[in-house]
$ cat run11.cif   # mmCIF, C-alpha atoms and all ligand atoms
data_my_file
loop_
_atom_site.group_PDB
_atom_site.id
_atom_site.type_symbol
_atom_site.label_atom_id
_atom_site.label_comp_id
_atom_site.auth_asym_id
_atom_site.auth_seq_id
_atom_site.Cartn_x
_atom_site.Cartn_y
_atom_site.Cartn_z
ATOM 1 C CA MET W 1 -5.546 8.556 27.269
ATOM 2 C CA ARG W 2 -5.011 12.251 26.837
ATOM 3 C CA ILE W 3 -3.951 13.606 23.445
ATOM 4 C CA ASP W 4 -2.628 17.111 22.882
ATOM 5 C CA VAL W 5 -2.004 18.327 19.359
ATOM 6 C CA LEU W 6 0.028 21.419 18.513
ATOM 7 C CA SER W 7 -1.069 22.630 15.109
ATOM 8 C CA LEU W 8 -1.389 25.862 13.166
ATOM 9 C CA PHE W 9 -4.683 24.460 11.829
ATOM 10 C CA PRO W 10 -6.315 22.844 14.870
ATOM 11 C CA GLU W 11 -9.743 22.668 13.235
ATOM 12 C CA ILE W 12 -8.459 19.883 10.949
ATOM 13 C CA ILE W 13 -7.743 17.727 14.010
ATOM 14 C CA GLU W 14 -10.939 18.711 15.848
ATOM 15 C CA ASN W 15 -13.226 18.033 12.889
ATOM 16 C CA TYR W 16 -11.892 14.542 12.266
ATOM 17 C CA CYS W 17 -11.821 13.553 15.937
ATOM 18 C CA GLN W 18 -15.424 14.662 16.439
ATOM 19 C CA THR W 19 -16.633 12.418 13.600
ATOM 20 C CA SER W 20 -17.771 8.780 13.525
ATOM 21 C CA ILE W 21 -16.045 6.260 15.821
ATOM 22 C CA LEU W 22 -13.491 8.683 17.265
ATOM 23 C CA GLY W 23 -16.268 11.244 17.875
ATOM 24 C CA LEU W 24 -18.274 8.687 19.812
ATOM 25 C CA ALA W 25 -15.210 7.644 21.822
ATOM 26 C CA LEU W 26 -14.579 11.306 22.658
ATOM 27 C CA LYS W 27 -18.159 11.736 23.874
ATOM 28 C CA GLN W 28 -17.799 8.584 25.971
ATOM 29 C CA ASN W 29 -14.640 10.069 27.480
ATOM 30 C CA LEU W 30 -12.537 7.111 26.276
ATOM 31 C CA TYR W 31 -9.889 9.697 25.432
ATOM 32 C CA GLN W 32 -9.458 13.431 25.917
ATOM 33 C CA LEU W 33 -8.373 15.705 23.111
ATOM 34 C CA ASN W 34 -6.896 19.169 23.397
ATOM 35 C CA THR W 35 -5.611 21.211 20.510
ATOM 36 C CA HIS W 36 -3.250 24.139 20.841
ATOM 37 C CA ASN W 37 -2.263 26.681 18.254
ATOM 38 C CA PRO W 38 1.394 27.711 18.648
ATOM 39 C CA ARG W 39 0.470 30.974 16.903
ATOM 40 C CA ASP W 40 -1.388 31.961 20.106
ATOM 41 C CA TYR W 41 1.977 31.778 21.895
ATOM 42 C CA SER W 42 3.993 33.825 19.399
ATOM 43 C CA LYS W 43 5.691 36.831 20.954
ATOM 44 C CA ASP W 44 6.040 38.441 17.526
ATOM 45 C CA LYS W 45 3.770 41.460 17.075
ATOM 46 C CA HIS W 46 2.355 39.914 13.891
ATOM 47 C CA HIS W 47 2.045 36.441 15.517
ATOM 48 C CA LYS W 48 4.635 35.030 13.136
ATOM 49 C CA VAL W 49 5.570 31.405 13.714
ATOM 50 C CA ASP W 50 8.231 30.916 11.043
ATOM 51 C CA ASP W 51 11.361 32.518 9.681
ATOM 52 C CA THR W 52 13.914 32.139 6.907
ATOM 53 C CA PRO W 53 16.542 29.390 7.338
ATOM 54 C CA TYR W 54 20.006 30.253 8.633
ATOM 55 C CA GLY W 55 22.545 29.512 5.922
ATOM 56 C CA GLY W 56 20.022 30.251 3.178
ATOM 57 C CA GLY W 57 17.774 27.971 1.192
ATOM 58 C CA ALA W 58 14.178 27.750 0.083
ATOM 59 C CA GLY W 59 11.106 27.990 2.291
ATOM 60 C CA MET W 60 10.465 28.910 5.892
ATOM 61 C CA VAL W 61 11.358 27.128 9.116
ATOM 62 C CA LEU W 62 9.055 26.860 12.159
ATOM 63 C CA ALA W 63 10.673 29.001 14.843
ATOM 64 C CA PRO W 64 11.411 27.621 18.320
ATOM 65 C CA GLN W 65 9.696 30.259 20.503
ATOM 66 C CA PRO W 66 5.989 29.722 19.679
ATOM 67 C CA PHE W 67 6.241 25.920 19.566
ATOM 68 C CA LEU W 68 8.416 25.486 22.647
ATOM 69 C CA ASP W 69 6.404 27.927 24.789
ATOM 70 C CA CYS W 70 3.255 26.092 23.722
ATOM 71 C CA LEU W 71 4.850 22.694 24.433
ATOM 72 C CA GLY W 72 6.011 23.933 27.847
ATOM 73 C CA GLU W 73 2.456 24.908 28.737
ATOM 74 C CA VAL W 74 1.085 21.585 27.482
ATOM 75 C CA THR W 75 3.527 19.424 29.423
ATOM 76 C CA VAL W 76 2.736 21.416 32.579
ATOM 77 C CA MET W 77 -0.806 20.177 32.184
ATOM 78 C CA SER W 78 0.169 16.523 31.953
ATOM 79 C CA ASP W 79 -0.479 14.007 34.732
ATOM 80 C CA ASN W 80 -1.039 16.033 37.917
ATOM 81 C CA CYS W 81 -2.666 18.884 36.097
ATOM 82 C CA VAL W 82 -5.034 16.816 34.004
ATOM 83 C CA THR W 83 -7.871 17.640 36.366
ATOM 84 C CA ARG W 84 -7.836 21.133 34.897
ATOM 85 C CA ALA W 85 -9.406 19.715 31.757
ATOM 86 C CA PRO W 86 -13.203 19.909 31.882
ATOM 87 C CA GLN W 87 -14.755 16.476 32.323
ATOM 88 C CA ASP W 88 -17.715 17.065 30.029
ATOM 89 C CA PRO W 89 -16.444 16.247 26.512
ATOM 90 C CA GLN W 90 -18.832 18.740 24.898
ATOM 91 C CA LEU W 91 -17.591 21.468 27.188
ATOM 92 C CA GLN W 92 -14.064 20.358 26.514
ATOM 93 C CA LEU W 93 -14.620 20.591 22.785
ATOM 94 C CA SER W 94 -16.069 24.085 22.967
ATOM 95 C CA LYS W 95 -13.039 25.242 24.957
ATOM 96 C CA LEU W 96 -10.481 23.529 22.805
ATOM 97 C CA ARG W 97 -9.104 26.538 21.012
ATOM 98 C CA SER W 98 -8.752 28.678 24.112
ATOM 99 C CA PHE W 99 -7.174 25.910 26.153
ATOM 100 C CA GLY W 100 -3.628 27.095 25.544
ATOM 101 C CA THR W 101 -4.324 30.657 26.625
ATOM 102 C CA ARG W 102 -5.954 29.851 29.956
ATOM 103 C CA LYS W 103 -4.302 30.808 33.233
ATOM 104 C CA PRO W 104 -1.129 28.734 33.422
ATOM 105 C CA CYS W 105 -0.788 25.968 35.988
ATOM 106 C CA SER W 106 1.568 26.904 38.817
ATOM 107 C CA ARG W 107 3.755 23.834 38.172
ATOM 108 C CA THR W 108 6.900 24.181 36.125
ATOM 109 C CA PRO W 109 7.014 22.522 32.687
ATOM 110 C CA GLN W 110 8.187 18.928 32.638
ATOM 111 C CA GLN W 111 11.735 18.588 31.412
ATOM 112 C CA ALA W 112 13.289 15.711 29.505
ATOM 113 C CA PRO W 113 13.654 12.912 30.366
ATOM 114 C CA TYR W 114 9.884 12.736 30.340
ATOM 115 C CA PRO W 115 8.008 9.964 32.114
ATOM 116 C CA GLU W 116 7.636 6.794 30.043
ATOM 117 C CA THR W 117 3.892 7.338 30.001
ATOM 118 C CA LEU W 118 4.292 10.558 28.001
ATOM 119 C CA GLU W 119 5.360 10.564 24.359
ATOM 120 C CA ILE W 120 6.203 13.809 22.549
ATOM 121 C CA ILE W 121 5.880 13.089 18.860
ATOM 122 C CA ILE W 122 7.058 15.113 15.883
ATOM 123 C CA THR W 123 5.414 14.343 12.544
ATOM 124 C CA SER W 124 8.037 14.238 9.826
ATOM 125 C CA PRO W 125 8.861 12.283 6.650
ATOM 126 C CA SER W 126 12.221 11.448 8.253
ATOM 127 C CA GLY W 127 10.648 9.762 11.277
ATOM 128 C CA GLN W 128 10.217 6.069 11.994
ATOM 129 C CA PRO W 129 7.393 4.478 9.996
ATOM 130 C CA LEU W 130 3.955 4.290 11.595
ATOM 131 C CA THR W 131 3.035 0.609 11.881
ATOM 132 C CA GLN W 132 0.261 -1.348 13.587
ATOM 133 C CA GLU W 133 2.834 -2.467 16.178
ATOM 134 C CA LEU W 134 3.877 1.132 16.932
ATOM 135 C CA ALA W 135 0.217 2.205 17.179
ATOM 136 C CA ARG W 136 -0.416 -0.612 19.663
ATOM 137 C CA GLU W 137 2.584 0.495 21.718
ATOM 138 C CA LEU W 138 1.409 4.137 21.710
ATOM 139 C CA SER W 139 -2.011 3.036 22.968
ATOM 140 C CA THR W 140 -0.388 2.013 26.279
ATOM 141 C CA LYS W 141 0.739 5.606 27.012
ATOM 142 C CA LYS W 142 -1.113 8.000 29.293
ATOM 143 C CA GLN W 143 -0.513 11.047 27.150
ATOM 144 C CA LEU W 144 0.556 11.768 23.580
ATOM 145 C CA VAL W 145 1.641 15.240 22.566
ATOM 146 C CA ILE W 146 1.828 15.545 18.782
ATOM 147 C CA LEU W 147 3.532 18.444 17.004
ATOM 148 C CA CYS W 148 2.384 19.028 13.432
ATOM 149 C CA GLY W 149 4.922 20.491 11.039
ATOM 150 C CA ARG W 150 4.312 22.896 8.145
ATOM 151 C CA TYR W 151 6.499 24.614 5.548
ATOM 152 C CA GLU W 152 10.102 23.331 5.436
ATOM 153 C CA GLY W 153 9.776 21.812 8.908
ATOM 154 C CA PHE W 154 10.844 22.477 12.479
ATOM 155 C CA ASP W 155 13.871 24.304 13.817
ATOM 156 C CA GLN W 156 16.157 21.536 15.156
ATOM 157 C CA ARG W 157 15.762 22.859 18.721
ATOM 158 C CA ILE W 158 12.078 21.930 18.594
ATOM 159 C CA ARG W 159 12.923 18.459 17.271
ATOM 160 C CA ASP W 160 15.380 17.977 20.124
ATOM 161 C CA LYS W 161 12.494 18.141 22.620
ATOM 162 C CA ALA W 162 10.618 15.230 21.029
ATOM 163 C CA THR W 163 10.843 11.650 22.286
ATOM 164 C CA MET W 164 9.903 10.266 18.868
ATOM 165 C CA GLU W 165 9.580 11.262 15.195
ATOM 166 C CA ILE W 166 6.963 9.460 13.125
ATOM 167 C CA SER W 167 6.459 9.294 9.353
ATOM 168 C CA ILE W 168 3.325 7.965 7.677
ATOM 169 C CA GLY W 169 5.093 7.161 4.415
ATOM 170 C CA ASP W 170 7.830 7.989 1.948
ATOM 171 C CA TYR W 171 6.199 11.087 0.526
ATOM 172 C CA VAL W 172 6.020 14.714 1.608
ATOM 173 C CA LEU W 173 2.754 16.306 2.720
ATOM 174 C CA THR W 174 2.124 20.036 3.032
ATOM 175 C CA GLY W 175 1.547 19.629 6.767
ATOM 176 C CA GLY W 176 1.727 17.148 9.628
ATOM 177 C CA GLU W 177 -2.018 17.153 10.414
ATOM 178 C CA LEU W 178 -2.799 14.111 8.247
ATOM 179 C CA ALA W 179 0.095 12.290 9.890
ATOM 180 C CA ALA W 180 -1.131 13.292 13.371
ATOM 181 C CA LEU W 181 -4.614 12.038 12.542
ATOM 182 C CA SER W 182 -3.229 8.764 11.216
ATOM 183 C CA ILE W 183 -1.295 8.293 14.462
ATOM 184 C CA ILE W 184 -4.336 9.199 16.593
ATOM 185 C CA ASP W 185 -6.743 6.994 14.648
ATOM 186 C CA ALA W 186 -4.456 3.944 14.471
ATOM 187 C CA THR W 187 -3.653 4.308 18.195
ATOM 188 C CA LEU W 188 -7.167 4.870 19.548
ATOM 189 C CA ARG W 189 -8.493 1.732 17.840
ATOM 190 C CA HIS W 190 -6.417 -0.223 20.382
ATOM 191 C CA ILE W 191 -8.062 1.452 23.394
ATOM 192 C CA PRO W 192 -10.672 -0.887 24.899
ATOM 193 C CA GLY W 193 -14.198 0.282 24.093
ATOM 194 C CA VAL W 194 -13.297 2.425 21.072
ATOM 195 C CA LEU W 195 -14.198 -0.331 18.596
ATOM 196 C CA GLY W 196 -17.602 -1.862 19.266
ATOM 197 C CA ASP W 197 -16.383 -5.419 18.684
ATOM 198 C CA PRO W 198 -12.820 -6.087 19.942
ATOM 199 C CA GLN W 199 -12.639 -9.058 17.540
ATOM 200 C CA SER W 200 -12.460 -6.585 14.615
ATOM 201 C CA LEU W 201 -9.024 -5.520 15.793
ATOM 202 C CA GLU W 202 -7.770 -9.122 15.861
ATOM 203 C CA ASP W 203 -9.201 -10.014 12.479
ATOM 204 C CA GLU W 204 -7.866 -7.123 10.468
ATOM 205 C CA SER W 205 -4.718 -6.639 8.437
ATOM 206 C CA PHE W 206 -1.279 -6.584 10.075
ATOM 207 C CA SER W 207 -2.282 -8.367 13.297
ATOM 208 C CA LYS W 208 0.422 -10.950 14.104
ATOM 209 C CA LEU W 209 -1.469 -14.108 14.988
ATOM 210 C CA ASN W 210 -0.808 -17.764 15.775
ATOM 211 C CA TYR W 211 -2.924 -19.431 13.091
ATOM 212 C CA LEU W 212 -1.641 -22.908 13.917
ATOM 213 C CA GLU W 213 -3.258 -22.580 17.325
ATOM 214 C CA LYS W 214 -6.530 -21.459 15.733
ATOM 215 C CA LEU W 215 -6.519 -24.361 13.263
ATOM 216 C CA LYS W 216 -5.941 -26.790 16.157
ATOM 217 C CA GLU W 217 -8.837 -25.220 18.087
ATOM 218 C CA LEU W 218 -11.039 -25.904 15.066
ATOM 219 C CA GLN W 219 -9.932 -29.572 15.151
ATOM 220 C CA VAL W 220 -8.457 -29.550 11.662
ATOM 221 C CA SER W 221 -7.438 -33.132 10.825
ATOM 222 C CA LYS W 222 -3.874 -34.153 9.826
ATOM 223 C CA LYS W 223 -5.011 -34.730 6.245
ATOM 224 C CA GLU W 224 -6.784 -31.363 6.040
ATOM 225 C CA MET W 225 -3.732 -29.651 7.501
ATOM 226 C CA LEU W 226 -1.353 -31.260 4.999
ATOM 227 C CA SER W 227 -3.445 -30.260 2.016
ATOM 228 C CA PHE W 228 -3.847 -26.742 3.453
ATOM 229 C CA LEU W 229 -0.069 -26.356 3.846
ATOM 230 C CA GLU W 230 0.479 -27.656 0.315
ATOM 231 C CA GLU W 231 -2.176 -25.370 -1.174
ATOM 232 C CA THR W 232 -0.912 -22.221 0.556
ATOM 233 C CA GLY W 233 2.834 -22.984 0.407
ATOM 234 C CA ILE W 234 3.195 -22.033 4.089
ATOM 235 C CA SER W 235 5.030 -24.152 6.667
ATOM 236 C CA ARG W 236 3.667 -25.160 10.112
ATOM 237 C CA GLU W 237 6.301 -22.935 11.766
ATOM 238 C CA GLU W 238 5.331 -19.933 9.647
ATOM 239 C CA LEU W 239 1.692 -20.446 10.648
ATOM 240 C CA GLU W 240 2.640 -19.849 14.265
ATOM 241 C CA GLU W 241 3.355 -16.159 13.680
ATOM 242 C CA LEU W 242 1.881 -14.735 10.529
ATOM 243 C CA GLN W 243 1.248 -11.114 9.691
ATOM 244 C CA LEU W 244 -1.355 -11.048 6.929
ATOM 245 C CA LEU W 245 -3.493 -8.659 4.970
ATOM 246 C CA GLU W 246 -7.175 -9.150 5.551
ATOM 247 C CA HIS W 247 -9.183 -11.753 3.633
ATOM 248 C CA PRO W 248 -11.948 -10.550 1.237
ATOM 249 C CA HIS W 249 -15.350 -9.672 2.711
ATOM 250 C CA TYR W 250 -18.812 -10.212 1.228
ATOM 251 C CA THR W 251 -22.288 -9.157 2.296
ATOM 252 C CA ARG W 252 -25.804 -9.677 0.910
ATOM 253 C CA PRO W 253 -26.961 -10.283 -1.794
ATOM 254 C CA ALA W 254 -25.375 -13.683 -2.459
ATOM 255 C CA ASP W 255 -25.803 -13.051 -6.177
ATOM 256 C CA PHE W 256 -25.149 -9.504 -7.364
ATOM 257 C CA ARG W 257 -25.877 -9.229 -11.087
ATOM 258 C CA GLY W 258 -24.482 -12.680 -11.688
ATOM 259 C CA ASP W 259 -21.438 -12.187 -9.469
ATOM 260 C CA ARG W 260 -21.775 -14.808 -6.702
ATOM 261 C CA VAL W 261 -20.403 -14.922 -3.173
ATOM 262 C CA PRO W 262 -17.947 -17.874 -2.793
ATOM 263 C CA GLU W 263 -20.004 -20.944 -1.933
ATOM 264 C CA VAL W 264 -18.066 -21.847 1.213
ATOM 265 C CA LEU W 265 -19.216 -18.608 2.925
ATOM 266 C CA GLU W 266 -22.817 -19.754 2.727
ATOM 267 C CA SER W 267 -22.031 -23.242 4.043
ATOM 268 C CA GLY W 268 -22.242 -22.328 7.742
ATOM 269 C CA ASN W 269 -19.189 -24.582 8.314
ATOM 270 C CA HIS W 270 -16.945 -22.474 10.586
ATOM 271 C CA LYS W 271 -13.849 -24.605 10.064
ATOM 272 C CA LYS W 272 -14.114 -24.495 6.273
ATOM 273 C CA ILE W 273 -14.853 -20.747 6.318
ATOM 274 C CA PHE W 274 -11.844 -20.062 8.549
ATOM 275 C CA MET W 275 -9.531 -22.131 6.331
ATOM 276 C CA TRP W 276 -10.827 -20.474 3.163
ATOM 277 C CA ARG W 277 -10.344 -16.988 4.612
ATOM 278 C CA LEU W 278 -6.860 -17.844 5.813
ATOM 279 C CA ALA W 279 -5.858 -19.279 2.419
ATOM 280 C CA GLU W 280 -7.224 -16.148 0.680
ATOM 281 C CA ALA W 281 -5.381 -13.858 3.104
ATOM 282 C CA ILE W 282 -2.127 -15.722 2.424
ATOM 283 C CA LYS W 283 -2.653 -15.475 -1.363
ATOM 284 C CA LEU W 284 -3.417 -11.743 -1.142
ATOM 285 C CA THR W 285 -0.447 -11.048 1.106
ATOM 286 C CA ARG W 286 1.907 -12.949 -1.200
ATOM 287 C CA LEU W 287 0.571 -10.987 -4.166
ATOM 288 C CA LYS W 288 0.505 -7.491 -2.670
ATOM 289 C CA ARG W 289 2.897 -7.503 0.292
ATOM 290 C CA GLY W 290 5.365 -10.361 -0.149
ATOM 291 C CA ASP W 291 7.686 -8.544 2.279
ATOM 292 C CA LEU W 292 5.365 -9.449 5.193
ATOM 293 C CA LEU W 293 5.943 -13.174 4.535
ATOM 294 C CA ASN W 294 9.755 -12.981 4.463
HETATM 295 N N1 LIG W 301 4.887 15.798 7.207
HETATM 296 C C1 LIG W 301 5.040 15.914 5.873
HETATM 297 N N2 LIG W 301 5.115 14.716 5.289
HETATM 298 C C2 LIG W 301 5.003 13.795 6.279
HETATM 299 C C3 LIG W 301 5.027 12.376 6.303
HETATM 300 N N3 LIG W 301 5.182 11.642 5.209
HETATM 301 N N4 LIG W 301 4.885 11.774 7.493
HETATM 302 C C4 LIG W 301 4.763 12.495 8.623
HETATM 303 N N5 LIG W 301 4.737 13.829 8.656
HETATM 304 C C5 LIG W 301 4.857 14.494 7.489
#

$ encode --input "run11.cif" --output "structure tokens"
Amino acid sequence: MRIDVLSLFPEIIENYCQTSILGLALKQNLYQLNTHNPRDYSKDKHHKVDDTPYGGGAGMVLAPQPFLDCLGEVTVMSDNCVTRAPQDPQLQLSKLRSFGTRKPCSRTPQQAPYPETLEIIITSPSGQPLTQELARELSTKKQLVILCGRYEGFDQRIRDKATMEISIGDYVLTGGELAALSIIDATLRHIPGVLGDPQSLEDESFSKLNYLEKLKELQVSKKEMLSFLEETGISREELEELQLLEHPHYTRPADFRGDRVPEVLESGNHKKIFMWRLAEAIKLTRLKRGDLLN
């Protein structure tokens, strides 16, 4: 997957993506990252990227020219032009900032409708909520282009070029970079090889799983099943597609200053451990996110 981020503060994106798991994935070429600063494209003699709103009002609005010229250049580079990106991730990283100002590709910018493999995303509190399901869907794309907002937001003519607007929550941030990073991080975790153990992705919060199937695989008896359903207050049908928060985790020592790890986790009995974790996950979800069980 190729990710292009348009941001007035590209170092925020670069720093995060070069760290820890995403940094390793970048080095392994599991994704390619390019950042572009729309300010480099501004035709204003002071490199201005914003202006006062028509009709009056507080704050500044991101002007169409720098963002749309930058976006035009970026979409030119998609698909057929990807080979212009250096293959060595280190080299790619060192060139990141100048990427947008290199000699333009001779192809004309892609126009909407864009191919289904390309998503042009605007970060905005009025977008659709970022969910695990959306992140999984985005991970199937060939290229994501993410535009980070600042100030009062984008001129509508920039928004009109996007295929999607995404919000990371019902609050307003000073810029879209944190939202872009949330989208990138949540998406890349679904790319094979990014997480060391693919099971981690299945086990964690918000994965929709068929637990009935898993209980059957573990040869849970009728009696055990009935008492499990009674204890958790969940029906057999609900078990077939449950979206749960993650169960609690424990590591050594088994006794930390008198606070002991639940006994069942030390039993080595996989069936009992699975059923305990599932019951705990159901309890936690009911307590903290009852909406997921409705
Ligand atoms: N930009 C500012 N606030 C935001 C939010 N909540 N989600 C996405 N982008 C934003």

$ residues_near_ligand --input "run11.cif" --ligand "ligand LIG 301 (chain W)" --cutoff "10 Å" --atoms "only C-alpha atoms and all ligand atoms" --output "PyMOL selection string"
chain W and resi 122-130+147-153+165-180+182-183

$ closest_residue --input "run11.cif" --among "W:Ala281, W:Gln199, W:Ile146, W:Glu231" --to "Arg159 (chain W)" --atoms "all atoms listed in the file"
W:Ile146

$ closest_residue --input "run11.cif" --among "W:Val61, W:Leu245, W:Val145, W:Leu33" --to "Glu14 (chain W)" --atoms "all atoms listed in the file"
W:Leu33

$ closest_residue --input "run11.cif" --among "W:Thr232, W:Ser200, W:Ile21, W:Phe274" --to "Lys216 (chain W)" --atoms "all atoms listed in the file"
W:Phe274

$ resolve_selection --input "run11.cif" --expression "the PyMOL selection byres (((chain W and resi 139) around 8) and not hetatm)" --output "NGL selection string"
:W and (1 or 135-138 or 140-141 or 187-188 or 190-191)

$ residues_around --input "run11.cif" --residues "His249 (chain W)" --least-positions-apart "4" --cutoff "12 Å" --atoms "all atoms listed in the file" --output "ChimeraX atom specification"
/W:203-204,254,261-262,265,273,276-277,280-281

$ closest_residue --input "run11.cif" --among "W:Glu266, W:Glu213, W:Glu11, W:Asp40" --to "Arg236 (chain W)" --atoms "all atoms listed in the file"
W:Glu213

$ atom_distance --input "run11.cif" --atom1 "CA of Val194 (chain W)" --atom2 "CA of Gly23 (chain W)"
9.8 Å

$ axis_aligned_box --input "run11.cif" --around "region 216-232 of chain W" --padding-each-side "6 Å" --output "AutoDock Vina command-line options"
--center_x -5.3 --center_y -28.5 --center_z 8.5 --size_x 23.5 --size_y 24.5 --size_z 31.3

$ residues_around --input "run11.cif" --residues "Thr52 (chain W)" --least-positions-apart "2" --cutoff "12 Å" --atoms "only C-alpha atoms" --output "PDB file with C-alpha atoms, in the frame of the given file"
ATOM      1  CA  LYS W  48       4.635  35.030  13.136  1.00  0.00           C
ATOM      2  CA  VAL W  49       5.570  31.405  13.714  1.00  0.00           C
ATOM      3  CA  ASP W  50       8.231  30.916  11.043  1.00  0.00           C
ATOM      4  CA  TYR W  54      20.006  30.253   8.633  1.00  0.00           C
ATOM      5  CA  GLY W  55      22.545  29.512   5.922  1.00  0.00           C
ATOM      6  CA  GLY W  56      20.022  30.251   3.178  1.00  0.00           C
ATOM      7  CA  GLY W  57      17.774  27.971   1.192  1.00  0.00           C
ATOM      8  CA  ALA W  58      14.178  27.750   0.083  1.00  0.00           C
ATOM      9  CA  GLY W  59      11.106  27.990   2.291  1.00  0.00           C
ATOM     10  CA  MET W  60      10.465  28.910   5.892  1.00  0.00           C
ATOM     11  CA  VAL W  61      11.358  27.128   9.116  1.00  0.00           C
ATOM     12  CA  LEU W  62       9.055  26.860  12.159  1.00  0.00           C
ATOM     13  CA  ALA W  63      10.673  29.001  14.843  1.00  0.00           C
ATOM     14  CA  TYR W 151       6.499  24.614   5.548  1.00  0.00           C
ATOM     15  CA  GLU W 152      10.102  23.331   5.436  1.00  0.00           C
ATOM     16  CA  GLY W 153       9.776  21.812   8.908  1.00  0.00           C
ATOM     17  CA  PHE W 154      10.844  22.477  12.479  1.00  0.00           C
ATOM     18  CA  ASP W 155      13.871  24.304  13.817  1.00  0.00           C
TER      19      ASP W 155
END

$ atom_distance --input "run11.cif" --atom1 "CA of Tyr250 (chain W)" --atom2 "CA of Arg286 (chain W)"
21.0 Å

$ closest_residue --input "run11.cif" --among "W:Leu68, W:Leu215, W:Ile158, W:Leu292" --to "Lys43 (chain W)" --atoms "only C-alpha atoms"
W:Leu68

$ closest_residue --input "run11.cif" --among "W:Met275, W:Leu287, W:Leu218, W:Leu293" --to "Ser235 (chain W)" --atoms "only C-alpha atoms"
W:Leu293

$ atom_distance --input "run11.cif" --atom1 "CA of Gln219 (chain W)" --atom2 "CA of His270 (chain W)"
11.0 Å

$ residues_around --input "run11.cif" --residues "Pro66 (chain W)" --least-positions-apart "6" --cutoff "6 Å" --atoms "all atoms listed in the file" --output "list in words"
Pro38, Tyr41 and Ser42 of chain W
